[in-house]
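Peer 1: Structure file upload_22.tsv, TSV, C-alpha atoms, is pasted below:
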```tsv
chain	number	residue	atom	x	y	z
A	1	MET	CA	8.60	44.37	-89.34
A	2	GLY	CA	9.55	40.86	-88.49
A	3	ASP	CA	11.64	39.12	-91.09
A	4	GLY	CA	13.62	37.33	-88.44
A	5	HIS	CA	16.25	39.91	-87.48
A	6	ARG	CA	18.41	38.75	-84.61
A	7	LEU	CA	19.40	42.26	-83.53
A	8	PRO	CA	16.61	44.43	-82.13
A	9	PRO	CA	16.94	48.17	-82.75
A	10	PRO	CA	18.84	50.05	-80.02
A	11	ALA	CA	16.73	51.87	-77.44
A	12	SER	CA	15.78	55.42	-78.41
A	13	PRO	CA	16.60	58.47	-76.21
A	14	LEU	CA	12.91	58.58	-75.23
A	15	GLN	CA	13.08	55.02	-73.95
A	16	TRP	CA	16.22	55.80	-71.96
A	17	ALA	CA	14.54	58.86	-70.47
A	18	ALA	CA	11.50	56.78	-69.42
A	19	ALA	CA	13.69	54.10	-67.85
A	20	LEU	CA	15.76	56.67	-65.94
A	21	ALA	CA	12.59	58.40	-64.73
A	22	MET	CA	11.33	55.04	-63.42
A	23	VAL	CA	14.60	54.42	-61.58
A	24	ALA	CA	14.42	57.94	-60.12
A	25	VAL	CA	10.89	57.19	-58.83
A	26	VAL	CA	12.22	54.05	-57.14
A	27	VAL	CA	14.98	56.07	-55.46
A	28	VAL	CA	12.42	58.61	-54.22
A	29	TYR	CA	10.23	55.79	-52.84
A	30	LEU	CA	13.13	54.17	-50.97
A	31	ALA	CA	14.21	57.54	-49.58
A	32	ALA	CA	10.68	58.30	-48.39
A	33	ALA	CA	10.32	54.88	-46.74
A	34	ASN	CA	13.66	55.43	-45.05
A	35	ARG	CA	12.52	58.79	-43.77
A	36	LEU	CA	9.42	57.20	-42.22
A	37	ARG	CA	11.54	54.58	-40.47
A	38	ARG	CA	13.97	57.19	-39.18
A	39	ARG	CA	11.11	58.91	-37.39
A	40	ARG	CA	10.14	55.45	-36.05
A	41	ASP	CA	7.05	54.95	-38.18
A	42	ALA	CA	6.40	51.39	-39.28
A	43	TRP	CA	6.71	50.69	-43.00
A	44	PRO	CA	7.15	46.97	-43.82
A	45	TRP	CA	10.31	46.32	-45.84
A	46	PRO	CA	8.63	43.91	-48.31
A	47	ARG	CA	6.98	47.03	-49.75
A	48	ASP	CA	10.39	48.53	-50.53
A	49	LEU	CA	11.36	45.28	-52.18
A	50	SER	CA	8.14	45.08	-54.19
A	51	PHE	CA	8.39	48.68	-55.42
A	52	ALA	CA	12.07	48.36	-56.34
A	53	ALA	CA	11.45	45.07	-58.18
A	54	GLY	CA	8.50	46.53	-60.10
A	55	GLY	CA	10.31	49.75	-61.00
A	56	VAL	CA	13.53	48.05	-62.06
A	57	ALA	CA	11.61	45.46	-64.12
A	58	VAL	CA	9.70	48.20	-65.97
A	59	ALA	CA	12.91	50.18	-66.58
A	60	ALA	CA	14.78	47.08	-67.73
A	61	VAL	CA	12.26	45.91	-70.34
A	62	THR	CA	12.00	49.49	-71.62
A	63	VAL	CA	15.63	49.62	-72.73
A	64	ALA	CA	17.17	46.13	-72.61
A	65	PRO	CA	17.18	43.91	-75.71
A	66	LEU	CA	14.67	41.08	-75.12
A	67	PRO	CA	14.90	37.48	-76.27
A	68	GLY	CA	12.68	35.92	-78.93
A	69	GLY	CA	11.15	37.29	-82.11
A	70	GLU	CA	9.94	40.84	-82.49
A	71	PHE	CA	6.33	40.15	-81.49
A	72	THR	CA	7.32	37.93	-78.56
A	73	ALA	CA	9.71	40.60	-77.27
A	74	HIS	CA	6.98	43.25	-77.65
A	75	MET	CA	4.57	41.05	-75.66
A	76	LEU	CA	7.07	40.43	-72.87
A	77	GLN	CA	7.59	44.17	-72.66
A	78	HIS	CA	3.85	44.77	-72.40
A	79	LEU	CA	3.33	42.08	-69.78
A	80	VAL	CA	5.92	43.71	-67.54
A	81	ILE	CA	4.99	47.35	-68.26
A	82	GLY	CA	1.21	46.87	-68.14
A	83	MET	CA	0.62	44.05	-65.66
A	84	ALA	CA	3.44	42.56	-63.56
A	85	GLY	CA	5.20	45.90	-62.97
A	86	PRO	CA	2.05	47.79	-61.91
A	87	LEU	CA	1.07	44.93	-59.55
A	88	LEU	CA	4.46	45.10	-57.79
A	89	LEU	CA	4.36	48.91	-57.68
A	90	ILE	CA	0.79	49.13	-56.36
A	91	LEU	CA	1.38	46.45	-53.71
A	92	ALA	CA	3.88	48.89	-52.20
A	93	ARG	CA	1.11	51.51	-51.59
A	94	PRO	CA	3.01	54.46	-53.12
A	95	VAL	CA	0.25	57.05	-52.54
A	96	THR	CA	-0.06	56.12	-48.87
A	97	LEU	CA	3.69	56.51	-48.47
A	98	LEU	CA	3.67	59.87	-50.21
A	99	LEU	CA	0.80	61.16	-48.07
A	100	ARG	CA	2.60	60.06	-44.92
A	101	THR	CA	5.94	61.63	-45.82
A	102	LEU	CA	4.91	64.92	-47.42
A	103	PRO	CA	4.92	67.75	-44.89
A	104	PRO	CA	1.59	69.56	-44.41
A	105	GLY	CA	1.42	72.19	-47.13
A	106	ARG	CA	0.26	72.90	-50.64
A	107	THR	CA	1.75	69.83	-52.34
A	108	ARG	CA	0.17	67.47	-49.85
A	109	ARG	CA	-3.17	69.27	-50.07
A	110	VAL	CA	-3.15	69.06	-53.87
A	111	LEU	CA	-2.28	65.34	-53.81
A	112	LEU	CA	-5.04	64.66	-51.30
A	113	ALA	CA	-7.52	66.67	-53.39
A	114	VAL	CA	-6.59	64.66	-56.50
A	115	VAL	CA	-6.90	61.33	-54.67
A	116	GLN	CA	-10.29	62.27	-53.26
A	117	SER	CA	-11.60	63.95	-56.41
A	118	ARG	CA	-14.74	62.82	-58.15
A	119	ILE	CA	-12.93	62.12	-61.41
A	120	ALA	CA	-10.42	59.85	-59.64
A	121	ALA	CA	-13.33	58.03	-58.03
A	122	VAL	CA	-14.90	57.42	-61.45
A	123	LEU	CA	-11.60	56.26	-62.97
A	124	VAL	CA	-10.97	53.75	-60.18
A	125	PHE	CA	-14.50	52.35	-60.35
A	126	PRO	CA	-13.41	48.78	-61.25
A	127	PRO	CA	-15.48	48.29	-64.45
A	128	VAL	CA	-14.36	51.70	-65.80
A	129	ALA	CA	-10.69	50.95	-65.14
A	130	ALA	CA	-11.09	47.52	-66.73
A	131	LEU	CA	-12.75	48.99	-69.81
A	132	ILE	CA	-9.95	51.54	-70.21
A	133	GLY	CA	-7.31	48.84	-69.76
A	134	VAL	CA	-8.62	45.92	-71.79
A	135	GLY	CA	-10.60	48.05	-74.24
A	136	GLY	CA	-7.38	49.94	-74.98
A	137	LEU	CA	-5.60	46.64	-75.66
A	138	TRP	CA	-8.28	45.55	-78.13
A	139	LEU	CA	-7.97	48.94	-79.87
A	140	MET	CA	-4.22	48.61	-80.07
A	141	TYR	CA	-4.10	45.06	-81.40
A	142	ARG	CA	-7.26	44.89	-83.48
A	143	THR	CA	-7.07	48.22	-85.36
A	144	PRO	CA	-4.22	49.52	-87.58
A	145	LEU	CA	-3.07	51.66	-84.63
A	146	LEU	CA	0.01	49.54	-83.86
A	147	ALA	CA	1.04	49.40	-87.54
A	148	PHE	CA	0.64	53.18	-87.75
A	149	ALA	CA	2.79	53.76	-84.67
A	150	HIS	CA	5.49	51.39	-85.88
A	151	GLY	CA	8.60	53.35	-86.85
A	152	ARG	CA	7.35	56.54	-85.17
A	153	PRO	CA	9.26	56.64	-81.85
A	154	LEU	CA	7.09	59.31	-80.25
A	155	LEU	CA	3.85	57.45	-80.97
A	156	GLU	CA	5.38	54.16	-79.86
A	157	ALA	CA	6.48	55.77	-76.61
A	158	LEU	CA	2.96	57.16	-76.11
A	159	LEU	CA	1.45	53.71	-76.65
A	160	HIS	CA	3.82	52.24	-74.07
A	161	LEU	CA	3.01	55.02	-71.65
A	162	ARG	CA	-0.71	54.33	-72.16
A	163	VAL	CA	-0.22	50.63	-71.45
A	164	PHE	CA	1.66	51.46	-68.25
A	165	ALA	CA	-0.87	54.07	-67.10
A	166	ALA	CA	-3.84	51.81	-67.85
A	167	GLY	CA	-2.15	48.92	-66.03
A	168	MET	CA	-1.53	51.11	-62.98
A	169	LEU	CA	-5.15	52.31	-63.03
A	170	PHE	CA	-6.56	48.78	-63.39
A	171	THR	CA	-4.37	47.39	-60.60
A	172	THR	CA	-5.20	50.34	-58.33
A	173	ALA	CA	-8.92	49.96	-58.97
A	174	LEU	CA	-8.97	46.23	-58.21
A	175	CYS	CA	-6.54	46.08	-55.28
A	176	ARG	CA	-7.72	49.29	-53.55
A	177	LEU	CA	-4.74	49.41	-51.20
A	178	ASP	CA	-4.22	53.18	-51.33
A	179	PRO	CA	-6.77	55.61	-49.90
A	180	MET	CA	-9.89	56.01	-52.09
A	181	ARG	CA	-13.33	57.55	-51.92
A	182	HIS	CA	-15.36	54.37	-52.21
A	183	ARG	CA	-15.15	50.72	-51.27
A	184	TYR	CA	-16.55	48.00	-53.47
A	185	SER	CA	-17.69	44.49	-52.69
A	186	LEU	CA	-15.69	41.34	-53.27
A	187	ALA	CA	-18.26	40.31	-55.88
A	188	LEU	CA	-17.85	43.47	-58.00
A	189	ARG	CA	-14.07	43.33	-57.94
A	190	ALA	CA	-13.97	39.58	-58.55
A	191	GLY	CA	-16.46	39.85	-61.41
A	192	THR	CA	-14.49	42.69	-63.00
A	193	LEU	CA	-11.25	40.73	-62.74
A	194	VAL	CA	-12.80	37.61	-64.27
A	195	VAL	CA	-14.38	39.46	-67.20
A	196	ALA	CA	-11.24	41.51	-67.86
A	197	SER	CA	-9.06	38.39	-67.73
A	198	ALA	CA	-11.41	36.60	-70.09
A	199	ALA	CA	-11.25	39.49	-72.57
A	200	HIS	CA	-7.46	39.44	-72.27
A	201	SER	CA	-7.20	35.71	-72.95
A	202	VAL	CA	-9.65	35.86	-75.88
A	203	LEU	CA	-7.52	38.64	-77.39
A	204	ALA	CA	-4.39	36.51	-76.85
A	205	LYS	CA	-6.00	33.57	-78.64
A	206	SER	CA	-7.16	35.77	-81.51
A	207	LEU	CA	-3.59	37.08	-81.91
A	208	TRP	CA	-2.39	33.47	-82.14
A	209	ALA	CA	-4.56	33.09	-85.23
A	210	ALA	CA	-4.11	36.53	-86.82
A	211	PRO	CA	-1.56	39.33	-86.27
A	212	PRO	CA	-2.59	42.95	-85.61
A	213	PRO	CA	-3.85	44.49	-88.89
A	214	GLY	CA	-1.09	45.84	-91.12
A	215	LEU	CA	1.73	43.91	-89.45
A	216	ALA	CA	3.35	40.60	-90.36
A	217	PHE	CA	5.34	38.29	-88.14
A	218	THR	CA	6.64	34.77	-88.60
A	219	ALA	CA	4.07	32.20	-87.45
A	220	ALA	CA	6.40	30.91	-84.72
A	221	ASP	CA	6.95	34.43	-83.36
A	222	LEU	CA	3.24	35.29	-83.42
A	223	GLN	CA	2.25	32.06	-81.67
A	224	ALA	CA	4.99	32.35	-79.03
A	225	GLY	CA	3.90	35.94	-78.34
A	226	ALA	CA	0.23	34.99	-78.08
A	227	ARG	CA	1.01	32.13	-75.70
A	228	LEU	CA	3.13	34.46	-73.58
A	229	MET	CA	0.23	36.93	-73.42
A	230	TYR	CA	-2.22	34.15	-72.50
A	231	TYR	CA	-0.21	32.46	-69.73
A	232	GLY	CA	1.41	35.67	-68.50
A	233	GLY	CA	-2.09	37.12	-68.15
A	234	ASP	CA	-3.10	34.08	-66.10
A	235	LEU	CA	-0.16	34.55	-63.77
A	236	VAL	CA	-1.06	38.18	-63.12
A	237	GLU	CA	-4.74	37.26	-62.70
A	238	VAL	CA	-3.81	34.81	-59.94
A	239	GLY	CA	-1.68	37.51	-58.31
A	240	LEU	CA	-4.56	40.02	-58.42
A	241	ALA	CA	-7.02	37.37	-57.20
A	242	LEU	CA	-4.76	36.67	-54.22
A	243	VAL	CA	-4.59	40.37	-53.34
A	244	ILE	CA	-8.38	40.78	-53.58
A	245	VAL	CA	-9.29	37.56	-51.74
A	246	LEU	CA	-6.68	37.91	-48.99
A	247	GLY	CA	-7.87	41.49	-48.49
A	248	TRP	CA	-11.40	40.14	-48.05
A	249	TYR	CA	-10.09	37.47	-45.64
A	250	ALA	CA	-8.34	40.08	-43.48
A	251	GLU	CA	-11.35	42.39	-43.50
A	252	SER	CA	-13.90	39.69	-42.64
A	253	GLY	CA	-11.48	38.49	-39.94
A	254	ARG	CA	-11.59	41.91	-38.32
A	255	ALA	CA	-15.40	41.91	-38.53
A	256	LEU	CA	-15.44	38.45	-36.92
A	257	GLN	CA	-13.23	39.64	-34.07
A	258	ARG	CA	-15.54	42.59	-33.41
A	259	GLU	CA	-18.54	40.26	-33.47
A	260	ARG	CA	-16.92	37.89	-31.00
A	261	ARG	CA	-15.91	40.68	-28.64
A	262	ARG	CA	-19.44	42.08	-28.75
A	263	SER	CA	-21.12	38.74	-28.11
A	264	ASP	CA	-18.67	37.96	-25.29
A	265	ALA	CA	-19.51	41.31	-23.76
A	266	VAL	CA	-23.24	40.52	-24.01
A	267	ALA	CA	-22.69	37.12	-22.41
A	268	GLY	CA	-20.58	38.69	-19.66
A	269	GLY	CA	-23.25	41.33	-19.01
A	270	VAL	CA	-25.97	38.69	-18.61
B	1	MET	CA	-19.77	39.41	-45.26
B	2	SER	CA	-21.85	39.45	-42.09
B	3	SER	CA	-21.16	36.65	-39.70
B	4	VAL	CA	-24.13	34.86	-38.24
B	5	THR	CA	-23.32	33.86	-34.71
B	6	ARG	CA	-25.31	33.08	-31.65
B	7	ALA	CA	-24.75	35.64	-28.92
B	8	GLY	CA	-22.90	34.40	-25.89
B	9	ASN	CA	-20.60	31.65	-27.00
B	10	ALA	CA	-20.02	32.98	-30.55
B	11	ARG	CA	-20.64	29.54	-31.99
B	12	PRO	CA	-21.76	29.45	-35.60
B	13	LEU	CA	-25.41	28.75	-36.31
B	14	ARG	CA	-26.35	25.30	-37.53
B	15	GLY	CA	-26.36	25.13	-41.32
B	16	GLU	CA	-23.88	27.96	-41.68
B	17	GLY	CA	-20.90	25.63	-41.61
B	18	SER	CA	-22.35	23.29	-44.20
B	19	ARG	CA	-23.20	26.19	-46.49
B	20	ARG	CA	-19.77	27.80	-46.23
B	21	SER	CA	-17.99	24.45	-46.58
B	22	LEU	CA	-20.07	23.45	-49.59
B	23	TRP	CA	-19.30	26.71	-51.43
B	24	ALA	CA	-15.61	26.59	-50.54
B	25	GLY	CA	-15.39	23.03	-51.83
B	26	PHE	CA	-17.39	23.82	-54.96
B	27	LEU	CA	-15.18	26.76	-55.97
B	28	PHE	CA	-11.97	24.93	-55.17
B	29	GLY	CA	-13.06	21.75	-56.97
B	30	LEU	CA	-14.03	23.71	-60.06
B	31	GLY	CA	-10.81	25.72	-60.06
B	32	ALA	CA	-8.61	22.69	-59.45
B	33	VAL	CA	-10.14	20.71	-62.30
B	34	ALA	CA	-9.92	23.74	-64.60
B	35	PHE	CA	-6.23	23.94	-63.76
B	36	ILE	CA	-5.63	20.21	-64.33
B	37	ASP	CA	-7.52	20.47	-67.60
B	38	GLU	CA	-5.32	23.36	-68.74
B	39	ALA	CA	-1.99	22.11	-67.40
B	40	VAL	CA	-2.26	18.42	-68.22
B	41	LEU	CA	-4.92	17.58	-70.76
B	42	HIS	CA	-4.08	20.40	-73.18
B	43	ARG	CA	-0.49	19.14	-73.26
B	44	LEU	CA	-1.51	15.72	-74.52
B	45	PRO	CA	-1.19	15.35	-78.28
B	46	HIS	CA	-4.42	15.78	-80.28
B	47	ARG	CA	-6.30	16.94	-77.20
B	48	ARG	CA	-7.79	20.44	-77.63
B	49	PRO	CA	-4.87	22.52	-78.93
B	50	PHE	CA	-4.19	26.09	-77.77
B	51	HIS	CA	-6.31	27.34	-80.63
B	52	ASP	CA	-7.76	25.02	-83.22
B	53	GLY	CA	-8.31	27.84	-85.69
B	54	SER	CA	-11.93	26.92	-86.25
B	55	ALA	CA	-13.33	27.82	-82.84
B	56	SER	CA	-16.35	30.13	-83.09
B	57	GLY	CA	-16.41	33.54	-81.43
B	58	ILE	CA	-18.87	32.33	-78.80
B	59	GLY	CA	-16.72	29.28	-78.11
B	60	LEU	CA	-13.65	31.47	-77.58
B	61	VAL	CA	-15.53	33.84	-75.28
B	62	SER	CA	-17.10	31.12	-73.13
B	63	ASP	CA	-13.75	29.33	-72.96
B	64	GLY	CA	-12.07	32.57	-71.89
B	65	LEU	CA	-14.68	33.27	-69.23
B	66	PHE	CA	-14.49	29.76	-67.79
B	67	HIS	CA	-10.72	29.83	-67.89
B	68	ALA	CA	-10.57	33.16	-66.03
B	69	PHE	CA	-13.27	32.10	-63.56
B	70	GLY	CA	-11.42	28.85	-62.84
B	71	TRP	CA	-8.34	30.66	-61.61
B	72	PHE	CA	-10.32	32.98	-59.40
B	73	ALA	CA	-12.45	30.12	-58.06
B	74	ALA	CA	-9.38	28.12	-57.04
B	75	VAL	CA	-7.95	31.05	-55.08
B	76	LEU	CA	-11.28	32.05	-53.52
B	77	GLY	CA	-12.16	28.43	-52.64
B	78	LEU	CA	-8.90	27.89	-50.79
B	79	VAL	CA	-9.24	31.09	-48.81
B	80	MET	CA	-12.89	30.25	-48.00
B	81	VAL	CA	-11.70	26.94	-46.52
B	82	ALA	CA	-9.36	28.94	-44.28
B	83	ASP	CA	-12.26	31.29	-43.45
B	84	ALA	CA	-14.58	28.42	-42.46
B	85	ALA	CA	-11.82	26.88	-40.32
B	86	ARG	CA	-11.31	30.24	-38.62
B	87	ARG	CA	-15.03	30.39	-37.83
B	88	ARG	CA	-14.75	26.85	-36.47
B	89	CYS	CA	-17.49	25.69	-38.78
B	90	LEU	CA	-15.60	23.70	-41.42
B	91	ASP	CA	-17.61	20.61	-42.34
B	92	LYS	CA	-15.35	18.15	-44.15
B	93	ARG	CA	-18.23	16.14	-45.59
B	94	PHE	CA	-19.78	19.20	-47.20
B	95	LEU	CA	-16.36	20.39	-48.32
B	96	GLY	CA	-15.79	17.09	-50.13
B	97	ALA	CA	-19.30	17.11	-51.60
B	98	GLY	CA	-18.76	20.65	-52.86
B	99	ALA	CA	-15.40	19.76	-54.41
B	100	LEU	CA	-16.98	16.82	-56.27
B	101	LEU	CA	-19.87	18.97	-57.49
B	102	GLY	CA	-17.47	21.69	-58.65
B	103	ALA	CA	-15.26	19.18	-60.44
B	104	GLY	CA	-18.30	17.51	-62.00
B	105	GLY	CA	-19.77	20.84	-63.05
B	106	PHE	CA	-16.57	21.78	-64.84
B	107	GLN	CA	-16.40	18.40	-66.55
B	108	TYR	CA	-19.99	18.84	-67.68
B	109	TYR	CA	-19.12	22.22	-69.20
B	110	ASN	CA	-16.12	20.59	-70.86
B	111	GLY	CA	-18.43	17.97	-72.29
B	112	ILE	CA	-20.55	20.71	-73.85
B	113	ALA	CA	-17.50	22.58	-75.14
B	114	SER	CA	-15.99	19.53	-76.82
B	115	PRO	CA	-18.68	16.84	-77.09
B	116	ASP	CA	-17.12	13.71	-75.84
B	117	ARG	CA	-18.90	10.76	-74.22
B	118	PRO	CA	-16.29	9.75	-71.64
B	119	TRP	CA	-16.19	13.35	-70.39
B	120	TYR	CA	-19.94	13.38	-69.81
B	121	ALA	CA	-19.63	10.04	-68.03
B	122	ILE	CA	-16.92	11.40	-65.74
B	123	ALA	CA	-19.05	14.49	-65.10
B	124	VAL	CA	-22.12	12.43	-64.19
B	125	LEU	CA	-20.06	10.18	-61.89
B	126	LEU	CA	-18.52	13.17	-60.11
B	127	LEU	CA	-21.88	14.94	-59.74
B	128	ALA	CA	-23.52	11.79	-58.38
B	129	ALA	CA	-20.64	11.25	-55.97
B	130	GLY	CA	-21.02	14.86	-54.85
B	131	CYS	CA	-24.75	14.47	-54.20
B	132	TRP	CA	-24.35	11.35	-52.06
B	133	PRO	CA	-22.92	13.04	-48.92
B	134	LEU	CA	-25.57	15.76	-49.20
B	135	LEU	CA	-28.43	13.25	-49.27
B	136	SER	CA	-27.01	11.24	-46.40
B	137	ALA	CA	-26.48	14.45	-44.42
B	138	ARG	CA	-30.11	15.40	-44.98
B	139	ARG	CA	-31.28	11.98	-43.76
B	140	ARG	CA	-29.07	12.22	-40.70
B	141	GLY	CA	-30.15	15.83	-40.14
B	142	GLY	CA	-33.81	14.74	-40.25
B	143	ALA	CA	-33.19	12.03	-37.66
B	144	GLU	CA	-31.61	14.46	-35.22
```
Take the structure from the file and write it as structure tokens.
Peer 2:
Amino acid sequence: MGDGHRLPPPASPLQWAAALAMVAVVVVYLAAANRLRRRRDAWPWPRDLSFAAGGVAVAAVTVAPLPGGEFTAHMLQHLVIGMAGPLLLILARPVTLLLRTLPPGRTRRVLLAVVQSRIAAVLVFPPVAALIGVGGLWLMYRTPLLAFAHGRPLLEALLHLRVFAAGMLFTTALCRLDPMRHRYSLALRAGTLVVASAAHSVLAKSLWAAPPPGLAFTAADLQAGARLMYYGGDLVEVGLALVIVLGWYAESGRALQRERRRSDAVAGGV
Amino acid sequence: MSSVTRAGNARPLRGEGSRRSLWAGFLFGLGAVAFIDEAVLHRLPHRRPFHDGSASGIGLVSDGLFHAFGWFAAVLGLVMVADAARRRCLDKRFLGAGALLGAGGFQYYNGIASPDRPWYAIAVLLLAAGCWPLLSARRRGGAE
């Protein structure tokens, strides 16, 4: 791995299948949103845009040749698949859309049961989702796991799928835009985001100094990849922070309105 | 967050505005200085490189935590300013004092992380400047 090849290997059939599946999901989302609008339900169009952008970005980095050295390209892929893509997809509230478009019946009941299940509630408890996400990254980059998967397309695809799934779970758990069993305070979500981001940036810095065990890259490639991980992680942290804090702003605004109406009513009554 | 308002005219209680403004300023000041530190000072030659190779584990972890907290603090501080304005209890003096204290606090941490006299001096100046409006507010508050 990594003696400065200019040509990356062509995408495997598995990668093409994953990219096509992602595009198909985007098409289904857009069709569902369209169906809502046709029956005159409101569904803001920025959500369509966000979902399409996220889905297309994930599909693109899965198959397209990426610039830079091998490690840098790998890191760009992971940033999009595990962080930026999931943020764009989750902002579009896909589960809410699905629940609103599915006709009453078995499929809808099953989806609702899954969303409201105890196991889902545990998985989207922010610290658990963060541990799965960032803990998984540490396992991948600080054990021989990545070296072992290298050259085994099925294992590599599984690792990518894990990064995507963990990113979706982490984003879902922190943003809490889709329906969920529990609500958590600003402090718990903020604290989880800060600790997870810190663990991410420490891992990025450690990769700058030493590659994942069993793999060798040129120093320039390794350092460019580590920097990309560090600053890309920052960018996504700011995005997640905005979602969490603006959500808090909107919620406390509604509470303030209620408070004002109540106190006006009291004043009017007296 | 529960809002503390007096029934009737829905005006914020005294002290609430100064508390909210102080916190908003503190978080924003800390986040802004953390950003400047990262975006400007780390770019200067010979000034804390991305990774100096010798940093201890604890140094890396505390750096990472502060770095991550800085970003969140900047975002939260800004939105808390908007929140205080919405509650009509934004106190500019306390906002400024908080921003100076936040900036000074970050500088002080920076001084610990990379011992450097001028950085401590800047930190002490900022912290002192941040305390001044608070002390004068207390004196004025006592006279009321």
Peer 1: So how far away is CA of Gly135 (chain A) from CA of Gly214 (chain A), in Å?
Peer 2: 19.5 Å
Peer 1: Name the residues within 8 Å of (-20.7, 18.1, -47.2), counting all atoms listed in the file in the file's coordinates, and put them as a tab-separated table (two decimals) with C-alpha atoms, in the coordinates of the input.
Peer 2:
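This went into selection.tsv:
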```
chain	number	residue	atom	x	y	z
B	18	SER	CA	-22.35	23.29	-44.20
B	21	SER	CA	-17.99	24.45	-46.58
B	22	LEU	CA	-20.07	23.45	-49.59
B	91	ASP	CA	-17.61	20.61	-42.34
B	92	LYS	CA	-15.35	18.15	-44.15
B	93	ARG	CA	-18.23	16.14	-45.59
B	94	PHE	CA	-19.78	19.20	-47.20
B	95	LEU	CA	-16.36	20.39	-48.32
B	96	GLY	CA	-15.79	17.09	-50.13
B	97	ALA	CA	-19.30	17.11	-51.60
B	98	GLY	CA	-18.76	20.65	-52.86
B	133	PRO	CA	-22.92	13.04	-48.92
B	134	LEU	CA	-25.57	15.76	-49.20
B	137	ALA	CA	-26.48	14.45	-44.42
```
Peer 1: Could you pull the residues within 7 Å of Met168 (chain A), counting only C-alpha atoms, minus those fewer than 4 positions along the same chain, as a list of chain:residue names?
Peer 2: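 In the requested form, the answer reads A:Pro86, A:Phe164, A:Thr172.
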Peer 1: Go ahead and compute the interatomic distance for CA of Leu97 (chain A) and CA of Arg109 (chain A), in Å to one decimal.
Peer 2: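 One can read the CA of Leu97 (chain A) to CA of Arg109 (chain A) distance as 14.6 Å.
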Peer 1: Identify every residue of chain A that has at least one atom within 10 Å of any atom of chain B, counting only C-alpha atoms, and report the result as an mmCIF file with C-alpha atoms, in the frame of the given file.
Peer 2:
```
data_model
loop_
_atom_site.group_PDB
_atom_site.id
_atom_site.type_symbol
_atom_site.label_atom_id
_atom_site.label_comp_id
_atom_site.auth_asym_id
_atom_site.auth_seq_id
_atom_site.Cartn_x
_atom_site.Cartn_y
_atom_site.Cartn_z
ATOM 1 C CA SER A 185 -17.690 44.490 -52.690
ATOM 2 C CA LEU A 186 -15.690 41.340 -53.270
ATOM 3 C CA ALA A 190 -13.970 39.580 -58.550
ATOM 4 C CA GLY A 191 -16.460 39.850 -61.410
ATOM 5 C CA LEU A 193 -11.250 40.730 -62.740
ATOM 6 C CA VAL A 194 -12.800 37.610 -64.270
ATOM 7 C CA VAL A 195 -14.380 39.460 -67.200
ATOM 8 C CA ALA A 196 -11.240 41.510 -67.860
ATOM 9 C CA SER A 197 -9.060 38.390 -67.730
ATOM 10 C CA ALA A 198 -11.410 36.600 -70.090
ATOM 11 C CA ALA A 199 -11.250 39.490 -72.570
ATOM 12 C CA HIS A 200 -7.460 39.440 -72.270
ATOM 13 C CA SER A 201 -7.200 35.710 -72.950
ATOM 14 C CA VAL A 202 -9.650 35.860 -75.880
ATOM 15 C CA LEU A 203 -7.520 38.640 -77.390
ATOM 16 C CA ALA A 204 -4.390 36.510 -76.850
ATOM 17 C CA LYS A 205 -6.000 33.570 -78.640
ATOM 18 C CA SER A 206 -7.160 35.770 -81.510
ATOM 19 C CA TRP A 208 -2.390 33.470 -82.140
ATOM 20 C CA ALA A 209 -4.560 33.090 -85.230
ATOM 21 C CA ALA A 210 -4.110 36.530 -86.820
ATOM 22 C CA GLN A 223 2.250 32.060 -81.670
ATOM 23 C CA ALA A 226 0.230 34.990 -78.080
ATOM 24 C CA ARG A 227 1.010 32.130 -75.700
ATOM 25 C CA TYR A 230 -2.220 34.150 -72.500
ATOM 26 C CA GLY A 233 -2.090 37.120 -68.150
ATOM 27 C CA ASP A 234 -3.100 34.080 -66.100
ATOM 28 C CA LEU A 235 -0.160 34.550 -63.770
ATOM 29 C CA GLU A 237 -4.740 37.260 -62.700
ATOM 30 C CA VAL A 238 -3.810 34.810 -59.940
ATOM 31 C CA GLY A 239 -1.680 37.510 -58.310
ATOM 32 C CA LEU A 240 -4.560 40.020 -58.420
ATOM 33 C CA ALA A 241 -7.020 37.370 -57.200
ATOM 34 C CA LEU A 242 -4.760 36.670 -54.220
ATOM 35 C CA ILE A 244 -8.380 40.780 -53.580
ATOM 36 C CA VAL A 245 -9.290 37.560 -51.740
ATOM 37 C CA LEU A 246 -6.680 37.910 -48.990
ATOM 38 C CA TRP A 248 -11.400 40.140 -48.050
ATOM 39 C CA TYR A 249 -10.090 37.470 -45.640
ATOM 40 C CA ALA A 250 -8.340 40.080 -43.480
ATOM 41 C CA GLU A 251 -11.350 42.390 -43.500
ATOM 42 C CA SER A 252 -13.900 39.690 -42.640
ATOM 43 C CA GLY A 253 -11.480 38.490 -39.940
ATOM 44 C CA ALA A 255 -15.400 41.910 -38.530
ATOM 45 C CA LEU A 256 -15.440 38.450 -36.920
ATOM 46 C CA GLU A 259 -18.540 40.260 -33.470
ATOM 47 C CA ARG A 260 -16.920 37.890 -31.000
ATOM 48 C CA ARG A 261 -15.910 40.680 -28.640
ATOM 49 C CA ARG A 262 -19.440 42.080 -28.750
ATOM 50 C CA SER A 263 -21.120 38.740 -28.110
ATOM 51 C CA ASP A 264 -18.670 37.960 -25.290
ATOM 52 C CA ALA A 265 -19.510 41.310 -23.760
ATOM 53 C CA VAL A 266 -23.240 40.520 -24.010
ATOM 54 C CA ALA A 267 -22.690 37.120 -22.410
ATOM 55 C CA GLY A 268 -20.580 38.690 -19.660
ATOM 56 C CA GLY A 269 -23.250 41.330 -19.010
ATOM 57 C CA VAL A 270 -25.970 38.690 -18.610
#
```
